[in-house]
Amino acid sequence: MSAGDKFFHLADYLTDRLNPILVKETRQALKSRQFIITFMLLLTVAWLISVFGTVWYGPAIEYGSAGRAFFVAYYYVIGFASLFVVPFGSFRSMLNERDHNTYELLSISTLSPRQIVNGKLLSSMVQVFIYYSAIAPFIAFTSLLQGFDLAMVTLFLLAGLLWSFFVSMVALMLSTLSSNRQWQAINTIGMIGLLLWQMSAAFGMSAVGLSESIPFDSEEFWWVLVSLLVGAGSFFLLAQQIAISRLTFESDNRSSGIRIICTLQFWLLWGGVWAYAYRYGMAAVHEDVIAACATMSSIHWLIAGLIFSTEPDHVSRRVRRNVSRLGAIRFLVAPWLPGGRRGLLVLLIHVLMLAIFVRLGSWDLWVQNMVLAAALYVFIYVAIGSAIGRLGQMVTPEFRPAHARVLTILIGALGMIAPYLPAAFGFTRWSNAYSLGEFANPGRTLIIISETAYGSGSHNNATVHGVLLILTAIAGVALLINLKAMFQGFSEMASWKSATAAESSSVYAED
Amino acid sequence: MIEPVLSAAAIDQRGEPALELRHLHRFFGRLKAVDDVSFKAWPGQVMGFIGPNGAGKTTSMRILATLDTPTAGDAFVCGYSVVDDPDKVRRYLGFMPDSFGKYANMNVVEYLDFYARAYGLRDAQRRDAIEHVLVFTELRKLADKAINTLSKGMSQRLGLGRCLIHDPQVMILDEPAAGLDPRARVELRELIRLLATEMKKTVLISSHILTELGEICDSAAIIEAGQILAYGTVDEIQRKQHGDSTELTRARSLHVRIAAGDDAQSRMLGLEKWLLEQPLINLVQCSGAAAIFDFEGNDEDQQRLLHNMLAAGHPVIEFYGKTQSLEDAFMNITKGITQ
């Protein structure tokens, strides 16, 4: 066997172990006009920068800090390829599968949705690596110049690479959201806008970062860096899981993965806060940080909770069959299994955790009140959505989760503007003073509570306690309305027995 | 752990149908696209799935291919439910939709290689599968040709090859001959026949070209407005429409032509009169030197009729029976209802 044959067989053997989508997409991409044009353009522009930059600097290139300036220019060139061209390619790659009627054949192969998503992402990464390797000689050239900082260059190249992974994943996720061609066209325009925006934002931040020295010896710098990496990593996983869920067969479990990642994000955020407090003491964690984290958590669970709690309650035989037969495990995982009733339970668990975390921290009363109010608002609005979803399904089977979500958002919007309608129609006079009638407006109420911080603001604690009392009462009613459904949702999975053969073959309603 | 895929022989030995639709329903709002459809197909059988446009054929096939879920009921491929075990179903099933997309920047071998990998074939197994498919579909000489430059006939062969790459036991072909020229149609028909006879595949095929289906199908299911109107072997379907499922005798249309000559008109009148006097004969229609009539006798009666006709001095030069085709059965059974 010749060396060439040996190499061919080795390559064949190795590619057999790779994701089939990666092999296919890489083959296609390397033959595509888009890749060839981008690659040639990247080399040409980098070459022009080198030539004209050298001419422009003249003899100053020997003693000035030209290295940094050259690196910035090359960084923008590679940034365009890795932050715009490649993510857009990822986005189009998934859309093309639908547009060209190739996705259906792909979906009925034995490839799992996870393999499809990961394969597409990895093929984008292969392209990024090729672009990086193309620019590498030019970066090496900058290392010969004054002002070249290896640590900074490494950090920025690595950050650019990771950001490209992240943006490509988000682009892939967005491409799975709509199978409707009209929406896809709108999606594409939106995607181009989004990519241009994030690219210019990334360039702007890079310009600021590159103009200053990086404080590698500062502990705070590493806290911020790790927090950003962990946060972005969790959203990367969320985007990946959403994309996988969108490609998953209807009767399979599309929900649990997303629920688990949302839970993980919540614990990562508060775990980080507690780790910081453990390292530097509770006093080092400022109330404003807690308020910001609690607001983020509330928004996170408001969106996630509304989606989870309005899901259809029917659980397919396939999902049931894959649930553990051990009662204790079923008891623990039940809230994370698909279904709106269990979705509300997940939300309830986490808003309670949120309130408990802040109470345990013994922070100022204003922040405790604010977090409690935020948690109550989230529960109330999501519980309304859940109840609307179940009621709608009782009225007509045509009532879809999206209807319940839109109705809940409209009710929320109405709740926010309703207190101001009498004044808007001239029945009462406008007043800047907060009244208890404004309790339905979360934004205004939370601001009022935050204004009581350290005794500041024009509102006293009695007003805040009054609002909290109203919200607690409404949350209690919302809990009572949904209690039976939540209990049923939990007990259905916790005490479920495996389907008999007769059940398996019976005619049933899947939808 | 991945379970091994059962061979055709093993599936055959289980005595189970390779394909079964059990009270399948699929509703889109108020539209009942598939309404209580049930039928079975066994290994080595080619089954025609016939119906007018919008009858529910493609919807049923998509459910079988695990591309859609039923509103109620279930479908099984080699014993696995399309609802509960779509992953297992996919290993036993090859689906060729009426139109399938092609990837850009890809040649025939790369296309087949991708699907071989997608079905988990590795190393020699993958290479052998590709080689086998290239030989079977006669695409060997086009192996390096870009797939988006293939003719319609070659594309359909490639589609069939893709279906076969993981050696599935059941193949679902939705309008595979649509848009093909006569030669390509005949060649495709031969390939499909080979799949059943030599490779013992179960083939469910839908087509509008019923004359061709009649030639390759062992059985058929006729669907209209989402409901199965007739199901069984082609012969059974023809018998059932006459309300006679036990007797082999059935009305057949016979054609007689006599020698033309100066007195052809009087000879024809004589034949018509003679035919009307014979038992088992109805609806005699004469035109020029030919007569067509319904005959309710069996083969022996038909033989006797010809003998008597010649003995009576009628100058018969053509005598043949026109058996009812699948197309006739389809036209008689369906009512042209569209949803």
# chains A, B, ... in the order shown; residues from 1 in each chain; ligands from 1
$ residues_around --residues "segment 179-189 of chain B" --least-positions-apart "6" --cutoff "9 Å" --atoms "only C-alpha atoms" --output "ChimeraX atom specification"
/B:137,152-154,156-157,212-213,215-216
$ closest_atom_pairs --of "chain A" --to "chain B" --cutoff "9 Å" --atoms "only C-alpha atoms" --output "JSON lines"
{"residue": "A:Asp12", "atom": "CA", "partner": "B:Asp123", "partner_atom": "CA", "distance": 7.5}
{"residue": "A:Tyr13", "atom": "CA", "partner": "B:Asp123", "partner_atom": "CA", "distance": 6.4}
{"residue": "A:Asp16", "atom": "CA", "partner": "B:Arg122", "partner_atom": "CA", "distance": 5.9}
{"residue": "A:Arg17", "atom": "CA", "partner": "B:Arg122", "partner_atom": "CA", "distance": 8.2}
{"residue": "A:Asn19", "atom": "CA", "partner": "B:Arg117", "partner_atom": "CA", "distance": 8.4}
{"residue": "A:Pro20", "atom": "CA", "partner": "B:Arg117", "partner_atom": "CA", "distance": 5.6}
{"residue": "A:Ile21", "atom": "CA", "partner": "B:Phe114", "partner_atom": "CA", "distance": 7.7}
{"residue": "A:Val23", "atom": "CA", "partner": "B:Phe114", "partner_atom": "CA", "distance": 7.8}
{"residue": "A:Lys24", "atom": "CA", "partner": "B:Phe114", "partner_atom": "CA", "distance": 6.2}
{"residue": "A:Arg27", "atom": "CA", "partner": "B:Met106", "partner_atom": "CA", "distance": 7.9}
{"residue": "A:Gln28", "atom": "CA", "partner": "B:Asn105", "partner_atom": "CA", "distance": 5.3}
{"residue": "A:Ala29", "atom": "CA", "partner": "B:Asn105", "partner_atom": "CA", "distance": 8.0}
{"residue": "A:Leu30", "atom": "CA", "partner": "B:Asn105", "partner_atom": "CA", "distance": 9.0}
{"residue": "A:Lys31", "atom": "CA", "partner": "B:Asn105", "partner_atom": "CA", "distance": 6.1}
{"residue": "A:Ser32", "atom": "CA", "partner": "B:Asn105", "partner_atom": "CA", "distance": 6.6}
{"residue": "A:Glu97", "atom": "CA", "partner": "B:Gly101", "partner_atom": "CA", "distance": 8.3}
{"residue": "A:Asp99", "atom": "CA", "partner": "B:Gly101", "partner_atom": "CA", "distance": 8.5}
{"residue": "A:His100", "atom": "CA", "partner": "B:Gly101", "partner_atom": "CA", "distance": 4.9}
{"residue": "A:Asn101", "atom": "CA", "partner": "B:Gly101", "partner_atom": "CA", "distance": 4.6}
{"residue": "A:Thr102", "atom": "CA", "partner": "B:Gly101", "partner_atom": "CA", "distance": 4.9}
{"residue": "A:Tyr103", "atom": "CA", "partner": "B:Gly101", "partner_atom": "CA", "distance": 8.5}
{"residue": "A:Glu104", "atom": "CA", "partner": "B:Leu67", "partner_atom": "CA", "distance": 7.1}
{"residue": "A:Leu105", "atom": "CA", "partner": "B:Phe100", "partner_atom": "CA", "distance": 7.9}
{"residue": "A:Leu106", "atom": "CA", "partner": "B:Ala118", "partner_atom": "CA", "distance": 7.9}
{"residue": "A:Ser107", "atom": "CA", "partner": "B:Leu67", "partner_atom": "CA", "distance": 7.8}
{"residue": "A:Ile108", "atom": "CA", "partner": "B:Arg90", "partner_atom": "CA", "distance": 6.0}
{"residue": "A:Ser109", "atom": "CA", "partner": "B:Tyr119", "partner_atom": "CA", "distance": 5.8}
{"residue": "A:Thr110", "atom": "CA", "partner": "B:Tyr119", "partner_atom": "CA", "distance": 5.1}
{"residue": "A:Leu111", "atom": "CA", "partner": "B:Ala118", "partner_atom": "CA", "distance": 5.7}
{"residue": "A:Ser112", "atom": "CA", "partner": "B:Asp87", "partner_atom": "CA", "distance": 8.7}
{"residue": "A:Phe249", "atom": "CA", "partner": "B:Leu67", "partner_atom": "CA", "distance": 8.1}
{"residue": "A:Glu250", "atom": "CA", "partner": "B:Thr69", "partner_atom": "CA", "distance": 7.1}
{"residue": "A:Ser251", "atom": "CA", "partner": "B:Val83", "partner_atom": "CA", "distance": 6.6}
{"residue": "A:Asp252", "atom": "CA", "partner": "B:Asp84", "partner_atom": "CA", "distance": 8.4}
{"residue": "A:Ser316", "atom": "CA", "partner": "B:Asp84", "partner_atom": "CA", "distance": 8.1}
{"residue": "A:Arg317", "atom": "CA", "partner": "B:Asp84", "partner_atom": "CA", "distance": 6.4}
{"residue": "A:Arg318", "atom": "CA", "partner": "B:Asp84", "partner_atom": "CA", "distance": 4.8}
{"residue": "A:Val319", "atom": "CA", "partner": "B:Asp84", "partner_atom": "CA", "distance": 8.5}
{"residue": "A:Arg321", "atom": "CA", "partner": "B:Asp84", "partner_atom": "CA", "distance": 8.7}
{"residue": "A:Glu398", "atom": "CA", "partner": "B:Gly29", "partner_atom": "CA", "distance": 7.5}
{"residue": "A:Ser504", "atom": "CA", "partner": "B:Asp84", "partner_atom": "CA", "distance": 8.7}
{"residue": "A:Ser505", "atom": "CA", "partner": "B:Asp74", "partner_atom": "CA", "distance": 7.7}
{"residue": "A:Ser506", "atom": "CA", "partner": "B:Gly73", "partner_atom": "CA", "distance": 7.3}
{"residue": "A:Val507", "atom": "CA", "partner": "B:Gly73", "partner_atom": "CA", "distance": 4.5}
{"residue": "A:Tyr508", "atom": "CA", "partner": "B:Ala72", "partner_atom": "CA", "distance": 5.1}
{"residue": "A:Ala509", "atom": "CA", "partner": "B:Ala72", "partner_atom": "CA", "distance": 4.7}
{"residue": "A:Glu510", "atom": "CA", "partner": "B:Thr71", "partner_atom": "CA", "distance": 5.4}
{"residue": "A:Asp511", "atom": "CA", "partner": "B:Thr71", "partner_atom": "CA", "distance": 5.8}
$ residues_around --residues "Leu195 of chain B" --least-positions-apart "4" --cutoff "10 Å" --atoms "only C-alpha atoms" --output "compact mmCIF listing (two decimals) with C-alpha atoms, in the first residue's frame"
# COMPACT_ATOMS: atom_id res chain seq x y z
CA GLY B 44 -41.61 -9.06 -0.26
CA GLN B 45 -44.91 -7.41 -1.15
CA VAL B 46 -45.33 -4.40 -3.43
CA PHE B 136 -28.01 -1.49 -8.33
CA LEU B 164 -31.58 1.82 -0.04
CA GLN B 169 -36.83 -3.62 5.09
CA VAL B 170 -39.65 -1.28 4.14
CA MET B 171 -39.60 1.29 1.38
CA ARG B 189 -40.44 -0.07 -12.49
CA GLU B 190 -37.92 -2.87 -13.04
CA LEU B 191 -35.82 -1.66 -10.13
CA MET B 199 -34.23 -8.20 -1.95
CA LYS B 200 -37.51 -9.13 -0.21
CA LYS B 201 -38.33 -5.52 0.58
CA THR B 202 -41.82 -4.40 1.38
CA VAL B 203 -42.65 -1.55 -0.95
$ atom_distance --atom1 "atom CA of Ala275 of chain A" --atom2 "atom CA of His300 of chain A"
20.9 Å
$ select_by_dssp --residues "segment 311-411 of chain A" --states "alpha helix (DSSP H)" --output "PyMOL selection string"
chain A and resi 317-321+327-333+340-360+365-395+401-411
